[in-house]
>>> print(open('upload_8.cif').read())   # mmCIF, C-alpha atoms
data_work
loop_
_atom_site.label_atom_id
_atom_site.label_comp_id
_atom_site.auth_asym_id
_atom_site.auth_seq_id
_atom_site.Cartn_x
_atom_site.Cartn_y
_atom_site.Cartn_z
CA MET H 1 5.61 15.60 -11.68
CA ASP H 2 8.15 17.90 -10.02
CA ARG H 3 11.28 15.79 -9.66
CA THR H 4 13.36 18.31 -7.70
CA LEU H 5 15.66 16.75 -5.12
CA PRO H 6 13.64 13.66 -4.15
CA LEU H 7 14.55 11.61 -1.10
CA VAL H 8 15.94 8.32 -2.42
CA LEU H 9 14.50 5.44 -0.39
CA ASP H 10 17.11 2.83 0.54
CA PRO H 11 16.18 -0.54 -1.01
CA THR H 12 18.12 -2.37 1.71
CA GLY H 13 15.97 -0.96 4.52
CA ARG H 14 19.07 0.12 6.45
CA SER H 15 18.22 3.83 6.36
CA ARG H 16 14.66 3.47 7.67
CA PRO H 17 15.02 5.51 10.93
CA ALA H 18 16.69 8.42 9.14
CA GLU H 19 14.19 8.26 6.29
CA GLU H 20 11.25 8.35 8.69
CA ALA H 21 12.70 11.40 10.42
CA ALA H 22 13.15 13.11 7.05
CA LEU H 23 9.59 12.29 6.03
CA HIS H 24 8.23 13.68 9.30
CA ALA H 25 10.20 16.90 8.86
CA ALA H 26 9.10 17.33 5.24
CA GLY H 27 5.41 17.82 5.98
CA PRO H 28 2.28 15.88 4.95
CA ALA H 29 3.85 14.59 1.74
CA THR H 30 7.23 14.75 0.08
CA LEU H 31 8.73 13.53 -3.16
CA VAL H 32 10.73 10.30 -2.94
CA ASP H 33 12.55 8.08 -5.38
CA ILE H 34 11.43 4.45 -5.18
CA LEU H 35 13.87 2.36 -7.23
CA GLY H 36 14.15 5.08 -9.84
CA VAL H 37 10.48 6.07 -9.93
CA PRO H 38 9.21 9.30 -8.32
CA ALA H 39 6.26 9.20 -5.94
CA TRP H 40 4.76 11.33 -3.19
CA SER H 41 5.40 9.67 0.17
CA VAL H 42 2.58 10.48 2.59
CA SER H 43 3.50 9.98 6.24
CA ASP H 44 1.24 12.42 8.06
CA PRO H 45 -1.48 10.33 9.74
CA THR H 46 -4.41 12.67 9.08
CA THR H 47 -3.41 13.30 5.47
CA LEU H 48 -2.85 9.64 4.66
CA ARG H 49 -6.10 8.54 6.29
CA SER H 50 -7.94 11.14 4.24
CA LEU H 51 -6.28 10.07 0.98
CA LEU H 52 -6.99 6.39 1.66
CA ASN H 53 -10.68 7.29 1.91
CA ASP H 54 -10.68 9.58 -1.13
CA HIS H 55 -12.34 8.30 -4.32
CA ARG H 56 -9.94 10.55 -6.23
CA VAL H 57 -7.08 8.23 -5.27
CA SER H 58 -6.76 5.00 -7.27
CA LYS H 59 -4.63 1.85 -7.11
CA ASP H 60 -5.22 0.97 -10.77
CA ALA H 61 -2.06 1.81 -12.71
CA SER H 62 -3.64 0.73 -16.00
CA LYS H 63 -6.25 3.49 -15.69
CA HIS H 64 -4.67 6.28 -13.64
CA TRP H 65 -0.85 6.19 -13.87
CA PRO H 66 0.30 7.81 -17.13
CA ALA H 67 3.85 6.51 -16.69
CA PHE H 68 2.47 2.96 -16.69
CA ILE H 69 -0.07 3.56 -19.45
CA ASN H 70 2.53 5.18 -21.72
CA GLY H 71 5.01 2.33 -21.27
CA GLU H 72 7.53 4.23 -19.16
CA ILE H 73 7.04 1.66 -16.41
CA THR H 74 7.90 -1.76 -17.83
CA GLU H 75 8.63 -5.20 -16.43
CA LYS H 76 12.25 -4.05 -16.10
CA TRP H 77 11.22 -2.04 -13.03
CA PRO H 78 11.82 -4.35 -10.04
CA LEU H 79 8.41 -3.49 -8.57
CA ALA H 80 6.48 -4.06 -11.81
CA LEU H 81 4.62 -6.99 -10.26
CA TRP H 82 3.35 -4.78 -7.44
CA VAL H 83 1.58 -2.39 -9.79
CA GLY H 84 0.73 -4.77 -12.62
CA VAL H 85 -1.19 -7.53 -10.85
CA ASN H 86 -4.91 -7.88 -11.51
CA ASN H 87 -6.60 -8.36 -8.14
CA MET H 88 -8.31 -6.30 -5.47
CA PHE H 89 -4.92 -4.87 -4.39
CA THR H 90 -4.73 -2.82 -7.59
CA ALA H 91 -8.44 -2.47 -8.43
CA TYR H 92 -10.42 0.77 -8.33
CA GLY H 93 -14.07 1.71 -7.92
CA ASP H 94 -16.73 -0.81 -8.95
CA ASN H 95 -14.11 -3.35 -9.98
CA HIS H 96 -12.52 -3.21 -6.55
CA ARG H 97 -15.89 -3.63 -4.87
CA ARG H 98 -16.63 -6.66 -7.08
CA LEU H 99 -13.29 -8.33 -6.34
CA ARG H 100 -13.46 -7.60 -2.62
CA ARG H 101 -16.97 -9.11 -2.45
CA LEU H 102 -15.68 -12.27 -4.11
CA VAL H 103 -12.57 -12.57 -1.95
CA SER H 104 -14.21 -11.58 1.35
CA LYS H 105 -16.34 -14.72 1.10
CA ALA H 106 -13.13 -16.64 1.78
CA PHE H 107 -11.99 -14.48 4.71
CA THR H 108 -14.97 -14.44 7.05
CA ALA H 109 -14.80 -14.03 10.83
CA ARG H 110 -16.07 -17.58 11.14
CA ARG H 111 -13.20 -18.96 9.08
CA THR H 112 -10.67 -17.03 11.17
CA ALA H 113 -12.21 -18.34 14.39
CA GLU H 114 -12.13 -21.86 13.01
CA MET H 115 -8.38 -21.48 12.38
CA VAL H 116 -7.49 -20.74 16.02
CA PRO H 117 -7.26 -24.42 17.12
CA ARG H 118 -4.96 -25.08 14.15
CA ILE H 119 -2.85 -22.03 15.08
CA GLU H 120 -2.60 -23.33 18.65
CA GLN H 121 -1.62 -26.78 17.41
CA ILE H 122 1.15 -25.48 15.12
CA THR H 123 2.41 -23.12 17.83
CA ALA H 124 2.54 -25.89 20.44
CA ARG H 125 4.56 -28.10 18.10
CA LEU H 126 7.04 -25.29 17.34
CA ILE H 127 7.40 -24.42 21.03
CA ASP H 128 8.03 -28.10 21.83
CA GLN H 129 10.81 -28.12 19.24
CA LEU H 130 12.32 -25.00 20.81
CA ALA H 131 12.11 -26.59 24.27
CA ARG H 132 14.52 -29.31 23.15
CA THR H 133 17.22 -26.65 22.84
CA GLN H 134 19.92 -26.74 25.50
CA SER H 135 19.64 -23.90 28.01
CA GLY H 136 21.62 -20.90 26.82
CA GLU H 137 21.98 -22.20 23.25
CA ILE H 138 21.42 -19.61 20.53
CA VAL H 139 18.30 -20.12 18.39
CA GLU H 140 17.33 -18.14 15.28
CA LEU H 141 13.77 -17.30 16.26
CA ARG H 142 12.63 -15.88 12.94
CA GLU H 143 13.39 -19.22 11.31
CA ALA H 144 12.18 -21.34 14.24
CA LEU H 145 8.85 -19.59 14.93
CA ALA H 146 8.13 -16.33 13.10
CA PHE H 147 8.31 -17.95 9.64
CA PRO H 148 6.96 -21.48 10.11
CA LEU H 149 3.83 -20.53 12.04
CA PRO H 150 2.21 -18.13 9.53
CA ILE H 151 3.37 -20.00 6.45
CA GLN H 152 1.93 -23.26 7.78
CA VAL H 153 -1.29 -21.48 8.74
CA ILE H 154 -1.75 -19.83 5.37
CA GLY H 155 -0.57 -22.95 3.55
CA ASN H 156 -3.20 -24.99 5.35
CA LEU H 157 -5.85 -22.35 4.75
CA MET H 158 -5.12 -22.08 1.04
CA GLY H 159 -4.52 -25.79 0.45
CA LEU H 160 -0.84 -25.48 -0.51
CA PRO H 161 0.74 -28.95 -0.66
CA GLU H 162 3.27 -29.33 2.16
CA GLU H 163 6.11 -30.10 -0.24
CA VAL H 164 5.46 -26.83 -2.13
CA VAL H 165 5.54 -24.54 0.92
CA PRO H 166 9.37 -24.08 1.15
CA ARG H 167 9.62 -23.30 -2.58
CA PHE H 168 6.70 -20.88 -2.40
CA ARG H 169 8.19 -19.13 0.61
CA ASN H 170 11.44 -18.52 -1.27
CA VAL H 171 9.73 -16.89 -4.25
CA VAL H 172 7.44 -14.78 -2.04
CA ASP H 173 10.52 -13.54 -0.19
CA GLY H 174 11.78 -12.47 -3.60
CA VAL H 175 8.63 -10.43 -4.23
CA PHE H 176 9.41 -8.31 -1.16
CA ASP H 177 13.19 -8.12 -1.74
CA THR H 178 13.83 -4.69 -3.27
CA THR H 179 17.54 -5.37 -3.83
CA LEU H 180 16.88 -7.86 -6.66
CA SER H 181 17.88 -6.82 -10.15
CA SER H 182 15.13 -6.48 -12.74
CA GLU H 183 16.25 -9.77 -14.30
CA GLU H 184 16.15 -11.55 -10.94
CA ALA H 185 12.72 -10.11 -10.17
CA ARG H 186 11.32 -11.24 -13.54
CA ALA H 187 12.76 -14.74 -13.11
CA ASN H 188 11.26 -14.92 -9.63
CA THR H 189 7.86 -13.92 -11.03
CA VAL H 190 7.96 -16.72 -13.61
CA VAL H 191 8.61 -19.33 -10.89
CA LEU H 192 5.91 -17.79 -8.70
CA TYR H 193 3.18 -18.02 -11.33
CA GLY H 194 4.27 -21.53 -12.19
CA ILE H 195 3.54 -22.62 -8.61
CA LEU H 196 0.19 -20.80 -8.56
CA THR H 197 -0.86 -22.33 -11.89
CA GLU H 198 0.00 -25.81 -10.61
CA LEU H 199 -2.02 -25.15 -7.45
CA VAL H 200 -5.12 -24.08 -9.38
CA ALA H 201 -4.87 -27.05 -11.74
CA SER H 202 -4.58 -29.41 -8.78
CA LYS H 203 -7.58 -27.92 -6.98
CA ARG H 204 -9.71 -28.02 -10.10
CA THR H 205 -8.99 -31.74 -10.34
CA THR H 206 -9.22 -32.46 -6.62
CA PRO H 207 -11.00 -29.63 -4.76
CA GLY H 208 -10.89 -29.51 -0.99
CA GLU H 209 -12.10 -27.55 2.03
CA ASP H 210 -9.58 -24.77 1.37
CA LEU H 211 -9.72 -21.18 0.20
CA THR H 212 -8.16 -21.89 -3.18
CA SER H 213 -11.05 -24.23 -3.98
CA THR H 214 -13.46 -21.62 -2.64
CA LEU H 215 -11.98 -18.88 -4.83
CA ILE H 216 -12.11 -21.11 -7.92
CA ASN H 217 -15.85 -21.61 -7.46
CA VAL H 218 -16.94 -18.31 -5.90
CA ARG H 219 -19.53 -16.19 -7.72
CA ASP H 220 -20.56 -12.55 -7.33
CA ASP H 221 -24.05 -12.91 -5.83
CA GLU H 222 -24.54 -9.13 -5.64
CA GLY H 223 -23.47 -8.48 -9.21
CA ASP H 224 -23.85 -10.39 -12.45
CA GLY H 225 -22.90 -13.77 -10.99
CA SER H 226 -19.47 -13.70 -12.59
CA ALA H 227 -16.46 -15.56 -11.22
CA LEU H 228 -12.85 -14.46 -10.98
CA THR H 229 -11.09 -14.46 -14.34
CA GLU H 230 -8.09 -16.79 -14.59
CA GLN H 231 -5.61 -13.91 -14.13
CA GLU H 232 -7.66 -12.45 -11.27
CA LEU H 233 -7.66 -15.87 -9.62
CA LEU H 234 -3.89 -16.31 -9.88
CA ASP H 235 -3.22 -12.75 -8.70
CA THR H 236 -5.70 -13.08 -5.85
CA LEU H 237 -3.98 -16.26 -4.69
CA LEU H 238 -0.66 -14.41 -4.85
CA LEU H 239 -2.08 -11.62 -2.71
CA ALA H 240 -3.79 -13.91 -0.20
CA ILE H 241 -0.83 -16.24 0.34
CA SER H 242 2.02 -13.72 0.30
CA ALA H 243 0.31 -11.01 2.36
CA GLY H 244 -1.20 -13.73 4.54
CA TYR H 245 2.13 -14.75 5.96
CA GLU H 246 4.72 -12.01 5.30
CA THR H 247 2.94 -9.42 7.46
CA THR H 248 2.57 -11.88 10.34
CA VAL H 249 6.23 -12.94 10.14
CA ASN H 250 7.29 -9.35 10.69
CA LEU H 251 4.67 -8.70 13.36
CA LEU H 252 6.01 -11.63 15.43
CA ASP H 253 9.60 -10.62 14.75
CA GLN H 254 9.09 -6.99 15.75
CA ALA H 255 7.00 -7.80 18.84
CA VAL H 256 9.65 -10.18 20.18
CA THR H 257 12.57 -7.86 19.48
CA ALA H 258 10.72 -4.87 20.97
CA LEU H 259 10.00 -6.76 24.19
CA LEU H 260 13.59 -7.99 24.43
CA THR H 261 15.19 -4.61 23.75
CA ASN H 262 12.94 -2.37 25.85
CA SER H 263 13.48 -2.99 29.53
CA GLY H 264 10.42 -3.36 31.74
CA GLN H 265 7.83 -3.82 28.98
CA LEU H 266 7.40 -7.55 29.54
CA ALA H 267 7.07 -6.92 33.28
CA HIS H 268 3.96 -4.85 32.58
CA VAL H 269 2.40 -7.91 30.96
CA TRP H 270 3.36 -10.28 33.79
CA ALA H 271 1.97 -7.82 36.35
CA GLY H 272 -1.33 -7.46 34.49
CA ARG H 273 -0.82 -3.79 33.70
CA ALA H 274 -0.83 -4.59 29.98
CA SER H 275 -2.35 -7.37 27.88
CA TRP H 276 -0.94 -9.26 24.93
CA ASP H 277 -3.32 -7.25 22.78
CA ASP H 278 -1.53 -4.14 24.06
CA VAL H 279 1.78 -5.70 22.99
CA ILE H 280 0.42 -6.55 19.55
CA GLU H 281 -1.08 -3.13 18.84
CA GLU H 282 1.97 -1.27 20.15
CA SER H 283 4.20 -3.47 17.99
CA LEU H 284 2.07 -2.69 14.94
CA ARG H 285 2.32 1.02 15.76
CA PHE H 286 6.00 1.09 16.68
CA ALA H 287 7.29 -1.08 13.83
CA ALA H 288 4.62 -1.56 11.19
CA PRO H 289 5.25 -4.82 9.26
CA ILE H 290 4.81 -2.86 6.01
CA SER H 291 6.89 0.32 5.87
CA HIS H 292 5.95 1.64 2.43
CA LEU H 293 3.23 0.16 0.22
CA PRO H 294 3.39 0.87 -3.54
CA LEU H 295 1.43 2.50 -5.16
CA ARG H 296 -1.59 4.75 -5.53
CA TYR H 297 -2.35 7.46 -8.12
CA ALA H 298 -4.09 10.81 -8.15
CA VAL H 299 -7.22 10.59 -10.33
CA GLU H 300 -7.33 14.40 -10.35
CA ASP H 301 -5.34 17.22 -8.76
CA LEU H 302 -5.30 16.89 -4.95
CA THR H 303 -4.61 19.89 -2.73
CA LEU H 304 -3.23 18.97 0.70
CA PRO H 305 -3.86 21.06 3.86
CA ASN H 306 -0.44 22.75 3.57
CA GLY H 307 -1.22 23.87 0.01
CA LEU H 308 0.90 21.22 -1.72
CA VAL H 309 -0.75 19.95 -4.90
CA ILE H 310 -0.36 16.32 -5.96
CA ARG H 311 -1.05 16.49 -9.68
CA GLN H 312 -3.35 14.17 -11.61
CA GLY H 313 -1.43 11.02 -12.53
CA ASP H 314 1.23 11.43 -9.84
CA ALA H 315 2.14 8.29 -7.91
CA ILE H 316 1.50 8.17 -4.15
CA LEU H 317 3.32 5.98 -1.63
CA ALA H 318 1.56 5.09 1.63
CA SER H 319 4.33 5.24 4.26
CA TYR H 320 2.66 3.26 7.04
CA GLY H 321 5.80 2.82 9.12
CA ALA H 322 6.42 6.54 9.36
CA VAL H 323 2.76 7.14 10.27
CA GLY H 324 2.97 4.94 13.37
CA ARG H 325 5.97 6.86 14.69
CA HIS H 326 4.72 10.30 13.68
CA PRO H 327 4.85 12.93 16.45
CA ASN H 328 1.64 14.46 15.06
CA LEU H 329 -0.11 11.27 16.20
CA HIS H 330 1.85 10.18 19.27
CA GLY H 331 3.77 13.23 20.42
CA ALA H 332 7.35 13.36 21.60
CA THR H 333 7.32 9.67 22.64
CA ALA H 334 6.29 8.40 19.21
CA GLY H 335 9.66 6.69 18.78
CA THR H 336 9.41 4.82 22.09
CA PHE H 337 7.93 1.32 22.49
CA ASP H 338 5.46 1.55 25.37
CA VAL H 339 2.77 -1.09 25.94
CA LEU H 340 1.11 1.23 28.48
CA ARG H 341 0.60 3.93 25.85
CA GLU H 342 -3.04 5.02 26.04
CA SER H 343 -3.49 5.42 22.29
CA LYS H 344 -1.78 2.90 20.05
CA GLU H 345 -3.43 4.15 16.88
CA HIS H 346 -1.76 3.02 13.67
CA LEU H 347 -2.43 2.30 10.01
CA ALA H 348 -0.38 -0.90 9.84
CA PHE H 349 -3.19 -2.79 8.07
CA GLY H 350 -4.18 0.15 5.89
CA HIS H 351 -7.42 2.10 6.03
CA GLY H 352 -10.60 2.56 4.06
CA ALA H 353 -11.71 0.44 1.11
CA HIS H 354 -8.39 -1.42 0.90
CA PHE H 355 -8.13 -2.30 4.62
CA CYS H 356 -6.41 -5.69 4.89
CA LEU H 357 -8.87 -8.59 4.96
CA GLY H 358 -6.25 -10.74 6.69
CA ALA H 359 -5.77 -8.43 9.69
CA PRO H 360 -7.91 -10.59 12.05
CA LEU H 361 -5.91 -13.70 11.12
CA ALA H 362 -2.56 -11.96 11.72
CA ARG H 363 -3.73 -10.71 15.11
CA ALA H 364 -5.06 -14.18 15.99
CA GLU H 365 -1.70 -15.78 15.24
CA ALA H 366 0.18 -13.21 17.32
CA ARG H 367 -2.36 -13.60 20.14
CA VAL H 368 -1.55 -17.31 20.32
CA ALA H 369 2.19 -17.30 19.58
CA LEU H 370 3.50 -14.47 21.76
CA PRO H 371 2.14 -15.63 25.14
CA ALA H 372 3.04 -19.24 24.31
CA LEU H 373 6.63 -18.22 23.57
CA PHE H 374 7.19 -15.97 26.58
CA GLU H 375 5.35 -18.25 29.02
CA SER H 376 7.66 -21.06 27.93
CA PHE H 377 10.85 -18.97 27.87
CA PRO H 378 10.34 -15.98 30.21
CA GLU H 379 14.10 -15.50 30.63
CA MET H 380 14.75 -15.40 26.88
CA THR H 381 17.30 -12.78 25.84
CA LEU H 382 18.55 -11.37 22.57
CA ALA H 383 21.85 -13.05 21.65
CA VAL H 384 23.36 -9.99 19.95
CA PRO H 385 23.35 -6.27 20.70
CA PRO H 386 20.23 -4.64 19.20
CA GLU H 387 22.32 -2.55 16.83
CA GLU H 388 23.63 -5.74 15.22
CA LEU H 389 20.16 -6.84 14.06
CA GLU H 390 20.12 -6.43 10.29
CA PRO H 391 16.96 -5.38 8.44
CA VAL H 392 15.30 -7.49 5.78
CA ALA H 393 16.53 -6.28 2.39
CA SER H 394 13.39 -4.35 1.51
CA LEU H 395 11.97 -0.85 1.55
CA ILE H 396 8.50 -2.44 1.65
CA VAL H 397 8.53 -4.83 4.61
CA ASN H 398 9.97 -4.09 8.04
CA GLY H 399 11.65 -7.01 9.76
CA HIS H 400 15.05 -8.50 10.56
CA ARG H 401 17.14 -10.95 8.58
CA THR H 402 17.63 -13.00 11.73
CA VAL H 403 16.50 -12.80 15.37
CA PRO H 404 19.08 -14.78 17.39
CA VAL H 405 18.00 -15.44 20.99
CA ARG H 406 19.07 -17.47 24.02
CA LEU H 407 16.00 -19.27 25.28
CA GLN H 408 17.03 -20.24 28.85
CA PRO H 409 13.81 -22.13 29.58
CA MET H 410 12.47 -21.94 33.14
CA ARG H 411 9.13 -21.52 34.80
CA ARG H 412 8.07 -17.94 35.44
CA PRO H 413 7.64 -17.28 39.19
CA GLY H 414 4.05 -16.93 40.35
#
>>> encode(input="upload_8.cif", output="structure tokens")
Amino acid sequence: MDRTLPLVLDPTGRSRPAEEAALHAAGPATLVDILGVPAWSVSDPTTLRSLLNDHRVSKDASKHWPAFINGEITEKWPLALWVGVNNMFTAYGDNHRRLRRLVSKAFTARRTAEMVPRIEQITARLIDQLARTQSGEIVELREALAFPLPIQVIGNLMGLPEEVVPRFRNVVDGVFDTTLSSEEARANTVVLYGILTELVASKRTTPGEDLTSTLINVRDDEGDGSALTEQELLDTLLLAISAGYETTVNLLDQAVTALLTNSGQLAHVWAGRASWDDVIEESLRFAAPISHLPLRYAVEDLTLPNGLVIRQGDAILASYGAVGRHPNLHGATAGTFDVLRESKEHLAFGHGAHFCLGAPLARAEARVALPALFESFPEMTLAVPPEELEPVASLIVNGHRTVPVRLQPMRRPG
């Protein structure tokens, strides 16, 4: 791989706006450094969509990334877990189709619909807790709503014991934290798999009406009838639980902050000019919950429309955040949050064979939580200047460390 002058991605997330501008200016793909490892960041919407549909692009490092196969990428790399897990996130070809068939049985439209009353119940309880706040008092909304709603939803869905949820949340946060040292990341992984192993053992002894029990017993009806291997089961639980709440946390965070920092946008909703679905999709476009998703690999040489060749074995980084704000897709106003925007096209949940199975659940949670929050606190304001909001310490996820607000509860006129 040509390693000439790569753009070094900031692991703290603080350089995201400048990095996105640099990616846009560099063309369909450009070389970046991701925690010491080179990869081609693809931010052009058409190019990325094409690559995500291309059978010559793999997510299986063990088969198609020479640096991983040859031992250059070891567990000392902080993102080793991201490329080394054995689930549908990293699978390729027939193996991916097998794993997705098995897992999709647990993420049906019916199951998502059945979760809505539970989402409404959890949201109502959290809003009631917020309503006890004195008018004008500062509340940290990420901690009071954006975190507890999705983690309780996914915990309930997966059968996580209530007492385990806080501990699991802490270790999942560590998976997405790209400022951890390699030693810290490895220690975090050990704790993480300890929790998952305990969960599986518990559900084997006492199964329930939850997705962990379903995944333990699921069989591939279209294939040879096989089940998930033990490692596939643990890694699939990791994927389902972590992705099942982290993306939604940041979706809620970014939707709230966008509405509070862009004058007049909420008024469009109150006046009926825009729906909450418009808010959700524009939030996903404007500030994708996942900025950069590691990694994919070229199975053979790939020639892009501008003549650039991504060589066989080169790593590819899907830069979803930069896609949503790309002027090639949304013109000169791509960097503006506008719920009235006619096209809110984005790739926030991926595209193609690896499109996120949990996207309907994330949208369902936002569809319940956002109107409940703003109907209850229509005069809510951000408690700090927007420029003082600090990003989550990650080049992968796109959210804020805290979202301090003043609730000022009152009934909305009309």
>>> atom_distance(input="upload_8.cif", atom1="atom CA of Lys203 of chain H", atom2="atom CA of Arg110 of chain H")
22.5 Å
>>> atom_distance(input="upload_8.cif", atom1="atom CA of Arg367 of chain H", atom2="atom CA of Gly264 of chain H")
20.1 Å
>>> resolve_selection(input="upload_8.cif", expression="the PyMOL selection byres ((chain H and resi 349) around 12)", output="MDAnalysis selection string")
chainID H and resid 49 52 243:244 247:248 251 281 284:285 288:293 318:321 323:324 345:348 350:363
>>> closest_residue(input="upload_8.cif", among="H:Pro6, H:Pro404, H:Gly194, H:Pro78", to="Pro385 of chain H", atoms="only C-alpha atoms")
H:Pro404
>>> closest_residue(input="upload_8.cif", among="H:Glu388, H:Ala322, H:Ser376, H:Arg401", to="Arg132 of chain H", atoms="all atoms listed in the file")
H:Ser376
>>> resolve_selection(input="upload_8.cif", expression="the PyMOL selection byres ((chain H and resi 260) around 10)", output="JSON, numbers by chain")
{"H": [254, 255, 256, 257, 258, 259, 261, 262, 263, 264, 265, 266, 379, 380, 381, 382, 386, 405]}
>>> residues_around(input="upload_8.cif", residues="segment 21-36 of chain H", least_positions_apart="6", cutoff="8 Å", atoms="all atoms listed in the file", output="list in words")
Arg3, Leu5, Pro6, Leu7, Val8, Leu9, Pro11, Val42, Ser43, Asp44, Thr47, Trp77, Pro78, Leu304, Asn306, Ala322, His326 and Pro327 of chain H
>>> closest_atom_pairs(input="upload_8.cif", of="segment 68-160 of chain H", to="segment 165-168 of chain H", cutoff="9 Å", atoms="all atoms listed in the file", output="CSV")
residue,atom,partner,partner_atom,distance
H:Ile151,CA,H:Val165,CA,7.5
H:Gln152,CA,H:Val165,CA,7.9
H:Gly155,CA,H:Val165,CA,6.8
H:Leu160,CA,H:Val165,CA,6.6
>>> atom_distance(input="upload_8.cif", atom1="atom CA of Asp338 of chain H", atom2="atom CA of Leu389 of chain H")
20.4 Å
>>> closest_residue(input="upload_8.cif", among="H:Thr12, H:Gln408, H:Thr333, H:Asn170", to="Glu246 of chain H", atoms="only C-alpha atoms")
H:Asn170
>>> residues_around(input="upload_8.cif", residues="Val269 of chain H", least_positions_apart="6", cutoff="9 Å", atoms="all atoms listed in the file", output="VMD selection string")
chain H and resid 275 to 276 278 to 279 339
>>> resolve_selection(input="upload_8.cif", expression="the PyMOL selection byres ((chain H and resi 176) around 9)", output="PyMOL selection string")
chain H and resi 79+172-175+177-178+246+393-397
>>> write_last_selection(input="upload_8.cif", atoms="C-alpha atoms", output="mmCIF file, in the frame of the given file")
data_model
loop_
_atom_site.group_PDB
_atom_site.id
_atom_site.type_symbol
_atom_site.label_atom_id
_atom_site.label_comp_id
_atom_site.auth_asym_id
_atom_site.auth_seq_id
_atom_site.Cartn_x
_atom_site.Cartn_y
_atom_site.Cartn_z
ATOM 1 C CA LEU H 79 8.410 -3.490 -8.570
ATOM 2 C CA VAL H 172 7.440 -14.780 -2.040
ATOM 3 C CA ASP H 173 10.520 -13.540 -0.190
ATOM 4 C CA GLY H 174 11.780 -12.470 -3.600
ATOM 5 C CA VAL H 175 8.630 -10.430 -4.230
ATOM 6 C CA ASP H 177 13.190 -8.120 -1.740
ATOM 7 C CA THR H 178 13.830 -4.690 -3.270
ATOM 8 C CA GLU H 246 4.720 -12.010 5.300
ATOM 9 C CA ALA H 393 16.530 -6.280 2.390
ATOM 10 C CA SER H 394 13.390 -4.350 1.510
ATOM 11 C CA LEU H 395 11.970 -0.850 1.550
ATOM 12 C CA ILE H 396 8.500 -2.440 1.650
ATOM 13 C CA VAL H 397 8.530 -4.830 4.610
#
>>> closest_residue(input="upload_8.cif", among="H:His55, H:Arg296, H:Arg97, H:Arg169", to="Val249 of chain H", atoms="all atoms listed in the file")
H:Arg169
